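Trainee: Next up, work-v7.pdb (PDB, C-alpha atoms).
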ATOM      1  CA  MET A  24      84.656  27.883 -56.585
ATOM      2  CA  ILE A  25      83.478  26.981 -53.056
ATOM      3  CA  ASN A  26      85.188  30.065 -51.601
ATOM      4  CA  ALA A  27      83.525  32.211 -54.269
ATOM      5  CA  LEU A  28      80.107  30.832 -53.274
ATOM      6  CA  TYR A  29      80.748  31.577 -49.593
ATOM      7  CA  GLY A  30      81.840  35.101 -50.567
ATOM      8  CA  ALA A  31      78.649  35.487 -52.638
ATOM      9  CA  LEU A  32      76.566  34.325 -49.674
ATOM     10  CA  GLU A  33      78.225  36.867 -47.365
ATOM     11  CA  SER A  34      77.878  39.791 -49.777
ATOM     12  CA  GLY A  35      74.331  38.666 -50.639
ATOM     13  CA  LEU A  36      73.369  38.984 -46.976
ATOM     14  CA  ILE A  37      74.773  42.534 -46.820
ATOM     15  CA  TYR A  38      73.039  43.533 -50.070
ATOM     16  CA  ALA A  39      69.803  42.038 -48.693
ATOM     17  CA  ILE A  40      69.477  45.088 -46.391
ATOM     18  CA  MET A  41      69.658  47.309 -49.483
ATOM     19  CA  ALA A  42      67.106  45.098 -51.253
ATOM     20  CA  LEU A  43      64.670  45.524 -48.328
ATOM     21  CA  GLY A  44      64.960  49.297 -48.806
ATOM     22  CA  VAL A  45      64.315  48.992 -52.548
ATOM     23  CA  TYR A  46      61.314  46.742 -51.813
ATOM     24  CA  LEU A  47      59.837  49.480 -49.596
ATOM     25  CA  THR A  48      59.799  52.039 -52.414
ATOM     26  CA  PHE A  49      59.358  49.733 -55.428
ATOM     27  CA  ARG A  50      56.549  47.517 -54.099
ATOM     28  CA  ILE A  51      55.039  49.302 -51.084
ATOM     29  CA  LEU A  52      55.174  52.958 -52.216
ATOM     30  CA  ASP A  53      55.164  52.197 -55.976
ATOM     31  CA  PHE A  54      57.870  54.853 -56.333
ATOM     32  CA  PRO A  55      60.713  54.402 -58.909
ATOM     33  CA  ASP A  56      63.457  55.747 -56.639
ATOM     34  CA  LEU A  57      66.811  56.131 -58.410
ATOM     35  CA  THR A  58      68.277  57.881 -55.342
ATOM     36  CA  VAL A  59      69.528  54.414 -54.377
ATOM     37  CA  ASP A  60      72.556  54.656 -56.700
ATOM     38  CA  GLY A  61      73.702  57.747 -54.779
ATOM     39  CA  SER A  62      72.543  57.007 -51.223
ATOM     40  CA  PHE A  63      74.314  53.621 -51.235
ATOM     41  CA  VAL A  64      77.620  55.466 -51.708
ATOM     42  CA  THR A  65      76.583  58.211 -49.276
ATOM     43  CA  GLY A  66      76.266  55.639 -46.486
ATOM     44  CA  GLY A  67      79.692  54.233 -47.304
ATOM     45  CA  ALA A  68      81.264  57.668 -47.707
ATOM     46  CA  VAL A  69      80.004  59.005 -44.374
ATOM     47  CA  ALA A  70      80.922  55.819 -42.510
ATOM     48  CA  SER A  71      84.412  55.586 -44.045
ATOM     49  CA  ILE A  72      85.389  59.225 -43.485
ATOM     50  CA  LEU A  73      84.198  59.030 -39.868
ATOM     51  CA  MET A  74      86.110  55.804 -39.222
ATOM     52  CA  VAL A  75      89.285  57.241 -40.768
ATOM     53  CA  ASN A  76      88.945  60.160 -38.323
ATOM     54  CA  GLY A  77      88.624  57.855 -35.328
ATOM     55  CA  THR A  78      84.864  57.528 -34.848
ATOM     56  CA  SER A  79      83.490  54.220 -33.584
ATOM     57  CA  PRO A  80      82.494  51.957 -36.543
ATOM     58  CA  PHE A  81      79.063  51.406 -34.976
ATOM     59  CA  LEU A  82      78.358  55.138 -34.740
ATOM     60  CA  ALA A  83      79.860  55.676 -38.214
ATOM     61  CA  THR A  84      77.480  53.066 -39.677
ATOM     62  CA  LEU A  85      74.500  54.682 -37.959
ATOM     63  CA  ALA A  86      75.614  58.094 -39.262
ATOM     64  CA  GLY A  87      75.786  56.625 -42.771
ATOM     65  CA  GLY A  88      72.210  55.391 -42.388
ATOM     66  CA  GLY A  89      71.158  58.837 -41.135
ATOM     67  CA  ALA A  90      72.712  60.494 -44.189
ATOM     68  CA  GLY A  91      70.795  58.078 -46.423
ATOM     69  CA  PHE A  92      67.569  58.926 -44.569
ATOM     70  CA  ILE A  93      68.105  62.639 -45.233
ATOM     71  CA  ALA A  94      68.844  61.964 -48.931
ATOM     72  CA  GLY A  95      65.646  59.947 -49.280
ATOM     73  CA  CYS A  96      63.586  62.634 -47.527
ATOM     74  CA  ILE A  97      64.952  65.284 -49.920
ATOM     75  CA  THR A  98      63.869  63.139 -52.896
ATOM     76  CA  GLY A  99      60.432  62.884 -51.298
ATOM     77  CA  ILE A 100      60.272  66.654 -50.786
ATOM     78  CA  LEU A 101      61.304  67.272 -54.404
ATOM     79  CA  HIS A 102      58.423  65.057 -55.522
ATOM     80  CA  THR A 103      55.705  66.072 -53.066
ATOM     81  CA  LYS A 104      56.451  69.769 -52.500
ATOM     82  CA  GLY A 105      58.267  70.532 -55.750
ATOM     83  CA  LYS A 106      55.754  68.533 -57.847
ATOM     84  CA  ILE A 107      58.618  66.875 -59.742
ATOM     85  CA  ASN A 108      58.001  63.566 -61.468
ATOM     86  CA  PRO A 109      59.163  60.741 -59.113
ATOM     87  CA  LEU A 110      61.584  59.309 -61.664
ATOM     88  CA  LEU A 111      63.106  62.743 -62.334
ATOM     89  CA  ALA A 112      63.280  63.573 -58.606
ATOM     90  CA  GLY A 113      65.295  60.396 -58.026
ATOM     91  CA  ILE A 114      67.601  61.133 -60.956
ATOM     92  CA  LEU A 115      68.210  64.706 -59.737
ATOM     93  CA  MET A 116      69.052  63.481 -56.241
ATOM     94  CA  MET A 117      71.287  60.729 -57.600
ATOM     95  CA  ILE A 118      73.264  63.260 -59.670
ATOM     96  CA  ALA A 119      73.523  65.659 -56.747
ATOM     97  CA  LEU A 120      74.739  62.884 -54.442
ATOM     98  CA  TRP A 121      77.640  62.120 -56.793
ATOM     99  CA  SER A 122      79.168  65.533 -56.053
ATOM    100  CA  ILE A 123      78.102  65.432 -52.392
ATOM    101  CA  ASN A 124      79.771  62.039 -51.931
ATOM    102  CA  LEU A 125      83.007  63.383 -53.444
ATOM    103  CA  ARG A 126      82.823  66.356 -51.054
ATOM    104  CA  ILE A 127      82.305  64.015 -48.089
ATOM    105  CA  MET A 128      85.160  61.708 -49.044
ATOM    106  CA  GLY A 129      87.519  64.443 -50.264
ATOM    107  CA  ARG A 130      88.852  62.012 -52.881
ATOM    108  CA  PRO A 131      87.371  59.253 -55.082
ATOM    109  CA  ASN A 132      88.636  56.362 -52.956
ATOM    110  CA  ILE A 133      89.235  55.786 -49.221
ATOM    111  CA  PRO A 134      91.121  52.607 -48.149
ATOM    112  CA  LEU A 135      89.976  51.040 -44.865
ATOM    113  CA  LEU A 136      92.317  48.043 -44.666
ATOM    114  CA  ASN A 137      94.213  49.481 -41.695
ATOM    115  CA  GLU A 138      91.158  50.955 -39.970
ATOM    116  CA  SER A 139      89.052  49.471 -37.198
ATOM    117  CA  THR A 140      85.675  48.407 -38.687
ATOM    118  CA  LEU A 141      82.651  46.490 -37.428
ATOM    119  CA  PHE A 142      84.068  43.337 -39.028
ATOM    120  CA  THR A 143      87.576  43.661 -37.532
ATOM    121  CA  GLN A 144      86.169  44.445 -34.079
ATOM    122  CA  GLY A 145      83.611  41.658 -34.282
ATOM    123  CA  LYS A 146      86.198  39.182 -35.517
ATOM    124  CA  GLU A 147      88.369  39.804 -32.452
ATOM    125  CA  PHE A 148      85.462  38.812 -30.201
ATOM    126  CA  TRP A 149      84.502  35.922 -32.486
ATOM    127  CA  GLN A 150      87.991  34.406 -32.248
ATOM    128  CA  SER A 151      87.734  34.438 -28.448
ATOM    129  CA  ILE A 152      84.819  31.966 -28.559
ATOM    130  CA  PRO A 153      85.003  28.465 -30.141
ATOM    131  CA  VAL A 154      81.952  28.794 -32.447
ATOM    132  CA  ASP A 155      83.994  28.130 -35.610
ATOM    133  CA  GLN A 156      85.301  24.893 -34.089
ATOM    134  CA  TRP A 157      81.759  23.721 -33.284
ATOM    135  CA  LEU A 158      80.510  24.539 -36.770
ATOM    136  CA  MET A 159      83.553  22.934 -38.419
ATOM    137  CA  ALA A 160      83.012  19.665 -36.539
ATOM    138  CA  PRO A 161      80.381  18.240 -39.003
ATOM    139  CA  PHE A 162      82.668  19.051 -41.961
ATOM    140  CA  ASN A 163      85.606  17.326 -40.251
ATOM    141  CA  TRP A 164      83.459  14.329 -39.285
ATOM    142  CA  LEU A 165      82.294  13.910 -42.905
ATOM    143  CA  GLY A 166      85.847  14.398 -44.209
ATOM    144  CA  ILE A 167      84.937  17.454 -46.289
ATOM    145  CA  SER A 168      86.743  20.115 -44.275
ATOM    146  CA  SER A 169      88.143  21.554 -47.534
ATOM    147  CA  PHE A 170      84.557  22.563 -48.446
ATOM    148  CA  ALA A 171      84.108  24.580 -45.241
ATOM    149  CA  PRO A 172      84.672  28.352 -45.092
ATOM    150  CA  SER A 173      87.668  29.708 -43.206
ATOM    151  CA  THR A 174      85.257  31.323 -40.713
ATOM    152  CA  PHE A 175      81.500  31.551 -40.191
ATOM    153  CA  PHE A 176      81.788  34.975 -38.558
ATOM    154  CA  VAL A 177      80.485  37.159 -41.407
ATOM    155  CA  MET A 178      77.682  34.763 -42.379
ATOM    156  CA  ILE A 179      76.311  34.474 -38.853
ATOM    157  CA  SER A 180      76.828  38.068 -37.689
ATOM    158  CA  VAL A 181      75.416  39.649 -40.867
ATOM    159  CA  GLY A 182      72.690  36.990 -41.009
ATOM    160  CA  VAL A 183      71.511  38.027 -37.531
ATOM    161  CA  LEU A 184      71.636  41.682 -38.597
ATOM    162  CA  VAL A 185      69.551  40.962 -41.721
ATOM    163  CA  ILE A 186      66.947  39.120 -39.624
ATOM    164  CA  LEU A 187      66.739  42.146 -37.313
ATOM    165  CA  PHE A 188      66.198  44.513 -40.257
ATOM    166  CA  LYS A 189      63.604  42.174 -41.791
ATOM    167  CA  LYS A 190      61.692  41.910 -38.499
ATOM    168  CA  LEU A 191      61.942  45.684 -38.035
ATOM    169  CA  LEU A 192      60.450  46.272 -41.494
ATOM    170  CA  ASP A 193      57.722  43.649 -40.915
ATOM    171  CA  TRP A 194      56.803  45.330 -37.620
ATOM    172  CA  PHE A 195      56.804  48.818 -39.151
ATOM    173  CA  LEU A 196      54.562  47.814 -42.059
ATOM    174  CA  HIS A 197      51.954  46.508 -39.574
ATOM    175  CA  THR A 198      51.937  49.674 -37.465
ATOM    176  CA  GLU A 199      49.457  52.505 -38.113
ATOM    177  CA  ALA A 200      52.141  54.487 -39.978
ATOM    178  CA  GLY A 201      53.131  51.425 -41.993
ATOM    179  CA  LEU A 202      49.526  50.644 -42.937
ATOM    180  CA  ALA A 203      49.111  54.277 -44.061
ATOM    181  CA  LEU A 204      52.267  53.897 -46.136
ATOM    182  CA  ARG A 205      50.916  50.747 -47.776
ATOM    183  CA  ALA A 206      47.576  52.431 -48.435
ATOM    184  CA  THR A 207      49.375  55.407 -50.013
ATOM    185  CA  GLY A 208      51.210  53.088 -52.373
ATOM    186  CA  ASP A 209      48.019  51.186 -53.271
ATOM    187  CA  ASN A 210      45.740  54.175 -53.821
ATOM    188  CA  ALA A 211      47.047  57.628 -52.878
ATOM    189  CA  ARG A 212      43.878  59.346 -54.130
ATOM    190  CA  MET A 213      41.659  57.339 -51.786
ATOM    191  CA  VAL A 214      43.984  58.051 -48.830
ATOM    192  CA  LYS A 215      43.858  61.769 -49.674
ATOM    193  CA  SER A 216      40.059  61.649 -49.711
ATOM    194  CA  LEU A 217      40.236  60.492 -46.065
ATOM    195  CA  SER A 218      42.124  63.702 -45.201
ATOM    196  CA  ALA A 219      45.375  61.807 -44.655
ATOM    197  CA  ASN A 220      48.725  63.441 -45.439
ATOM    198  CA  THR A 221      50.096  61.263 -48.256
ATOM    199  CA  ASN A 222      53.041  63.612 -48.819
ATOM    200  CA  GLN A 223      54.298  62.914 -45.319
ATOM    201  CA  HIS A 224      53.986  59.157 -45.848
ATOM    202  CA  ILE A 225      55.938  59.327 -49.119
ATOM    203  CA  ILE A 226      58.735  61.428 -47.579
ATOM    204  CA  ILE A 227      59.083  59.153 -44.534
ATOM    205  CA  GLY A 228      58.908  56.020 -46.698
ATOM    206  CA  LEU A 229      61.661  57.260 -49.000
ATOM    207  CA  GLY A 230      63.746  58.274 -45.977
ATOM    208  CA  ILE A 231      63.484  54.822 -44.359
ATOM    209  CA  SER A 232      64.166  53.088 -47.662
ATOM    210  CA  ASN A 233      67.347  55.062 -48.295
ATOM    211  CA  ALA A 234      68.461  54.634 -44.672
ATOM    212  CA  PHE A 235      68.393  50.857 -45.265
ATOM    213  CA  VAL A 236      70.295  51.343 -48.537
ATOM    214  CA  ALA A 237      72.908  53.594 -46.902
ATOM    215  CA  ILE A 238      73.489  51.180 -44.001
ATOM    216  CA  SER A 239      74.047  48.436 -46.562
ATOM    217  CA  GLY A 240      76.564  50.731 -48.295
ATOM    218  CA  ALA A 241      78.314  51.426 -44.983
ATOM    219  CA  LEU A 242      78.614  47.687 -44.324
ATOM    220  CA  ILE A 243      79.835  46.923 -47.849
ATOM    221  CA  VAL A 244      82.732  49.420 -47.643
ATOM    222  CA  GLN A 245      83.769  47.848 -44.327
ATOM    223  CA  TYR A 246      83.457  44.353 -45.825
ATOM    224  CA  ASN A 247      85.411  45.276 -48.982
ATOM    225  CA  GLY A 248      88.013  47.347 -47.118
ATOM    226  CA  PHE A 249      87.562  50.490 -49.193
ATOM    227  CA  ALA A 250      85.024  53.139 -50.186
ATOM    228  CA  ASP A 251      84.755  54.264 -53.796
ATOM    229  CA  VAL A 252      82.617  57.004 -55.280
ATOM    230  CA  GLY A 253      81.579  54.707 -58.160
ATOM    231  CA  LEU A 254      80.427  51.895 -55.873
ATOM    232  CA  GLY A 255      76.726  52.636 -56.305
ATOM    233  CA  ILE A 256      76.505  52.546 -60.111
ATOM    234  CA  GLY A 257      73.719  50.152 -61.111
ATOM    235  CA  MET A 258      72.744  49.479 -57.490
ATOM    236  CA  ILE A 259      69.047  50.078 -58.191
ATOM    237  CA  ILE A 260      69.176  47.271 -60.777
ATOM    238  CA  VAL A 261      70.734  44.952 -58.197
ATOM    239  CA  GLY A 262      67.980  45.849 -55.720
ATOM    240  CA  LEU A 263      65.211  45.336 -58.283
ATOM    241  CA  ALA A 264      66.740  42.028 -59.380
ATOM    242  CA  SER A 265      66.764  40.843 -55.763
ATOM    243  CA  VAL A 266      63.106  41.796 -55.278
ATOM    244  CA  ILE A 267      61.925  40.265 -58.566
ATOM    245  CA  ILE A 268      63.955  37.045 -58.232
ATOM    246  CA  GLY A 269      62.865  36.632 -54.610
ATOM    247  CA  GLU A 270      59.170  37.138 -55.356
ATOM    248  CA  GLY A 271      59.368  34.835 -58.391
ATOM    249  CA  LEU A 272      61.105  32.000 -56.538
ATOM    250  CA  PHE A 273      59.660  32.232 -53.041
ATOM    251  CA  GLY A 274      56.246  33.913 -53.403
ATOM    252  CA  LYS A 275      54.643  37.024 -51.936
ATOM    253  CA  SER A 276      51.499  35.915 -50.115
ATOM    254  CA  SER A 277      52.127  38.136 -47.061
ATOM    255  CA  ILE A 278      54.425  40.946 -45.931
ATOM    256  CA  ALA A 279      56.592  38.634 -43.816
ATOM    257  CA  ARG A 280      56.905  36.101 -46.617
ATOM    258  CA  THR A 281      57.685  38.790 -49.195
ATOM    259  CA  THR A 282      60.433  40.400 -47.110
ATOM    260  CA  LEU A 283      61.905  36.916 -46.553
ATOM    261  CA  ALA A 284      61.696  36.347 -50.319
ATOM    262  CA  VAL A 285      63.531  39.632 -50.921
ATOM    263  CA  VAL A 286      66.349  38.577 -48.567
ATOM    264  CA  LEU A 287      66.617  35.163 -50.231
ATOM    265  CA  GLY A 288      66.391  36.845 -53.647
ATOM    266  CA  ALA A 289      69.417  39.020 -52.840
ATOM    267  CA  ILE A 290      71.393  35.915 -51.844
ATOM    268  CA  ALA A 291      70.204  33.988 -54.923
ATOM    269  CA  TYR A 292      71.191  36.889 -57.185
ATOM    270  CA  ARG A 293      74.730  36.963 -55.777
ATOM    271  CA  LEU A 294      75.064  33.177 -56.051
ATOM    272  CA  ILE A 295      73.875  33.190 -59.693
ATOM    273  CA  LEU A 296      76.301  36.018 -60.461
ATOM    274  CA  SER A 297      79.161  34.197 -58.747
ATOM    275  CA  VAL A 298      78.511  30.956 -60.660
ATOM    276  CA  ALA A 299      78.262  32.863 -63.960
ATOM    277  CA  LEU A 300      81.588  34.608 -63.358
ATOM    278  CA  GLN A 301      83.262  31.230 -62.783
ATOM    279  CA  LEU A 302      82.551  30.183 -66.383
ATOM    280  CA  GLU A 303      85.655  30.193 -68.564
ATOM    281  CA  PHE A 304      84.225  32.314 -71.366
ATOM    282  CA  VAL A 305      82.961  35.014 -68.946
ATOM    283  CA  SER A 306      85.280  37.849 -67.881
ATOM    284  CA  ALA A 307      84.904  40.403 -65.091
ATOM    285  CA  SER A 308      83.976  43.075 -67.662
ATOM    286  CA  ASP A 309      80.813  41.080 -68.456
ATOM    287  CA  LEU A 310      79.384  41.800 -64.991
ATOM    288  CA  LYS A 311      76.842  44.395 -66.168
ATOM    289  CA  LEU A 312      75.768  42.184 -69.089
ATOM    290  CA  ILE A 313      75.208  39.241 -66.751
ATOM    291  CA  THR A 314      73.222  41.484 -64.387
ATOM    292  CA  ALA A 315      71.014  42.610 -67.277
ATOM    293  CA  LEU A 316      70.498  38.990 -68.376
ATOM    294  CA  ILE A 317      69.583  37.886 -64.827
ATOM    295  CA  VAL A 318      67.051  40.713 -64.421
ATOM    296  CA  THR A 319      65.609  40.052 -67.886
ATOM    297  CA  GLY A 320      65.301  36.360 -67.065
ATOM    298  CA  ALA A 321      63.662  37.150 -63.721
ATOM    299  CA  LEU A 322      61.104  39.355 -65.492
ATOM    300  CA  VAL A 323      60.415  37.163 -68.526
ATOM    301  CA  VAL A 324      60.556  33.577 -67.216
ATOM    302  CA  PRO A 325      57.732  33.925 -64.613
ATOM    303  CA  THR A 326      55.507  35.524 -67.289
ATOM    304  CA  TRP A 327      56.223  32.742 -69.786
ATOM    305  CA  TRP A 328      55.692  30.127 -67.060
ATOM    306  CA  LYS A 329      52.316  31.643 -66.138
ATOM    307  CA  GLN A 330      51.262  31.809 -69.805
ATOM    308  CA  TRP A 331      52.280  28.145 -70.301
ATOM    309  CA  ARG A 332      50.338  27.037 -67.198
ATOM    310  CA  ASP A 333      47.249  29.033 -68.280
ATOM    311  CA  LYS A 334      47.444  27.425 -71.717
ATOM    312  CA  GLN A 335      47.756  23.952 -70.212
ATOM    313  CA  GLU A 336      44.762  24.695 -67.960
ATOM    314  CA  ARG A 337      42.675  25.852 -70.954
ATOM    315  CA  VAL A 338      43.602  22.745 -72.961
ATOM    316  CA  LYS A 339      42.689  20.532 -70.004
ATOM    317  CA  LYS A 340      39.291  22.210 -69.555
ATOM    318  CA  GLN A 341      38.642  22.012 -73.299
ATOM    319  CA  LYS A 342      39.373  18.281 -73.298
ATOM    320  CA  GLU A 343      37.065  17.741 -70.312
ATOM    321  CA  LEU A 344      34.301  19.744 -72.019
ATOM    322  CA  THR A 345      34.731  17.796 -75.272
ATOM    323  CA  LYS A 346      34.606  14.492 -73.376
ATOM    324  CA  THR A 347      31.435  15.555 -71.542
ATOM    325  CA  LEU A 348      29.749  16.626 -74.786
ATOM    326  CA  GLU A 349      30.688  13.330 -76.467
ATOM    327  CA  GLN A 350      29.233  11.371 -73.530
ATOM    328  CA  GLU A 351      25.961  13.378 -73.648
ATOM    329  CA  ARG A 352      25.772  12.970 -77.427
ATOM    330  CA  GLY A 353      26.279   9.201 -77.004
ATOM    331  CA  LYS A 354      23.407   9.061 -74.507
ATOM    332  CA  ASP A 355      21.126  11.005 -76.886
ATOM    333  CA  VAL A 356      21.956   8.643 -79.790
ATOM    334  CA  ALA A 357      21.293   5.602 -77.589
ATOM    335  CA  ALA A 358      17.971   7.072 -76.426
ATOM    336  CA  ALA A 359      16.930   7.816 -80.046
ATOM    337  CA  SER A 360      17.774   4.204 -81.125
ATOM    338  CA  THR A 361      15.656   2.772 -78.257
ATOM    339  CA  ASP A 362      12.695   4.937 -79.280
TER     340      ASP A 362
END
Render the structure in this file as structure tokens.

Mentor:
Amino acid sequence: MINALYGALESGLIYAIMALGVYLTFRILDFPDLTVDGSFVTGGAVASILMVNGTSPFLATLAGGGAGFIAGCITGILHTKGKINPLLAGILMMIALWSINLRIMGRPNIPLLNESTLFTQGKEFWQSIPVDQWLMAPFNWLGISSFAPSTFFVMISVGVLVILFKKLLDWFLHTEAGLALRATGDNARMVKSLSANTNQHIIIGLGISNAFVAISGALIVQYNGFADVGLGIGMIIVGLASVIIGEGLFGKSSIARTTLAVVLGAIAYRLILSVALQLEFVSASDLKLITALIVTGALVVPTWWKQWRDKQERVKKQKELTKTLEQERGKDVAAASTD
């Protein structure tokens, strides 16, 4: 159980990069981008085929992100230049990417267990420094070493990477281009009236979003040790669940806080999923059902909670008003008796 939670934490951190990309389109651009299901695999496919052919894992991961950027830009062009409905443009690109990913990989599955990846290279360096020993010391001192992970390498290295991506997105959304992107998502008609090129903002926004998604896909295939053409099925739901859970649990008062909430939401989603799969009556085939239940809960519970709080507030105000009226009526009766 403890090992499963550590695994969920590690994968949650990797999926957090994908969730940041989904946040950019879903919340900032207000664009229902289904390209994510395809571009996630595209990132993994490009990275895996390059690594199998001897390319550096770092360059392969960047190339995967670049392929995702191109895929996102094409979706944006289909919508802005082709005047295709955003939902349909995403679906068309997602379908096209299925065949493109198969072409890139040459087969449905590529094993990476014997290949040099970012994680195998990083682990070699990690083992040369005593960080694990330092971090294990509190567990040993408390006598709970069995509750410690075998290594903190993935958690710390991917955690640092996620912080970098979060800070990069925070910085971008406060630049002139980022502010234009936010304005386009809020009110594209108003931005157009100011002679700004909203089409360009949408294309670039979709490109950046899918680059994040593809890099997450490239990291996941290296973490899992294989690339599979079906890896991206339902990925948009995972991204949306991370955004919704994060905003519901941790708030969204500012850009920096919201992106942090999205990261924490991705981790929370993986932890909830991991705990659910540990239940005896739940099997691995129930994964999609559990995902649907988590997303439904994340959408419904905050609404019910808000309705309950509003009702409690109305009842409280009504009681205060009734008490005030009774006090005024009592004063009037007393005044009439004196007269």

Trainee: Between A:Tyr38, A:Trp327, A:Phe148, A:Phe162, which residue has the minimum interatomic distance to Ser239 in chain A, considering only C-alpha atoms?

Mentor: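 The shortest atom-to-atom distance to Ser239 in chain A comes from A:Tyr38.
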
Trainee: Running the PyMOL selection byres ((chain A and resi 249) around 12) on this model by hand, what would come out? Give it as a PyMOL selection string.

Mentor: chain A and resi 64+67-68+70-72+74-75+128+131-138+140+240-248+250-254

Trainee: Translate the PyMOL selection byres ((chain A and resi 285) around 7) into a concrete residue list for this structure, as an MDAnalysis selection string.

Mentor: chainID A and resid 42:43 265:266 269:270 281:284 286:289

Trainee: Quick one: residues within 8 Å of Arg205 in chain A, only C-alpha atoms counted, chain neighbours fewer than 4 positions away excluded, as a PyMOL selection string?

Mentor: chain A and resi 51-52+196+201+209

Trainee: Pick out the closest residue to Gln223 in chain A from this set: A:Gly35, A:Gly99, A:Gly61, A:Gly166. Count all atoms listed in the file.

Mentor: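 Residue with the minimum atom-to-atom distance to Gln223 in chain A: A:Gly99.
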
Trainee: Can you work out the spacing between CA of Ser297 in chain A and CA of Ala31 in chain A in Å, to one decimal?

Mentor: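 These atoms are spaced 6.3 Å apart.
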
Trainee: May I ask for the distance between CA of Val305 in chain A and CA of Gly257 in chain A, given in Å to one decimal place?

Mentor: 19.4 Å

Trainee: Grab the CA of Gly88 in chain A to CA of Ala39 in chain A distance for me, in Å with one decimal place.

Mentor: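 If I compute the distance from CA of Gly88 in chain A to CA of Ala39 in chain A, I get 15.0 Å.
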
Trainee: Pull out every residue that the PyMOL selection byres ((chain A and resi 89-91) around 8) matches in the shown coordinates and put them as JSON, numbers by chain.

Mentor: {"A": [62, 63, 65, 66, 69, 85, 86, 87, 88, 92, 93, 94, 95, 230, 233, 234, 235, 236, 237, 238]}

Trainee: Can you pull out the residues contacting Asp56 in chain A? Cut-off 12 Å, using all atoms listed in the file, and skip same-chain residues under 6 positions away; I want them as a PyMOL selection string.

Mentor: chain A and resi 44-50+62+94-99+101-102+108-117+225-226+228-230+232-233+236+258-260+262-263

Trainee: Around all listed atoms of range 140-147 of chain A, padded 6 Å per side, what centre and edge lengths does the axis-aligned box have in Å to one decimal, as lines of an AutoDock Vina configuration file?

Mentor:
center_x = 85.5
center_y = 43.8
center_z = -35.7
size_x = 17.7
size_y = 21.2
size_z = 18.6

Trainee: Mind listing as a ChimeraX atom specification all residues within 7 Å of (73.6, 35.3, -65.4), counting only C-alpha atoms?

Mentor: /A:295-296,299,313-314,316-317

Trainee: Under the rule that only C-alpha atoms are counted, which of A:Phe195, A:Pro55, A:Ala203, A:Arg293 is the nearest residue to Leu217 in chain A?

Mentor: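 Ranked by minimum distance to Leu217 in chain A, first place goes to A:Ala203.
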
Trainee: Got a sec to check which residues sit within 12 Å of (81.2, 31.1, -53.6), counting all atoms listed in the file, and write them as a PyMOL selection string?

Mentor: chain A and resi 24-35+170-172+290-291+293-301

Trainee: Measuring atom to atom with all atoms listed in the file, identify which of A:Phe54, A:Trp121, A:Phe176, A:Thr207 is nearest to Ala219 in chain A.

Mentor: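 Checking each candidate against Ala219 in chain A, we get A:Thr207 as the closest.
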
Trainee: When distances are computed from all atoms listed in the file, which of A:Ile152, A:Ile127, A:Leu191, A:Ile100 shows the smallest separation from Ala279 in chain A?

Mentor: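 With all atoms listed in the file as the atom set, the closest residue is A:Leu191.
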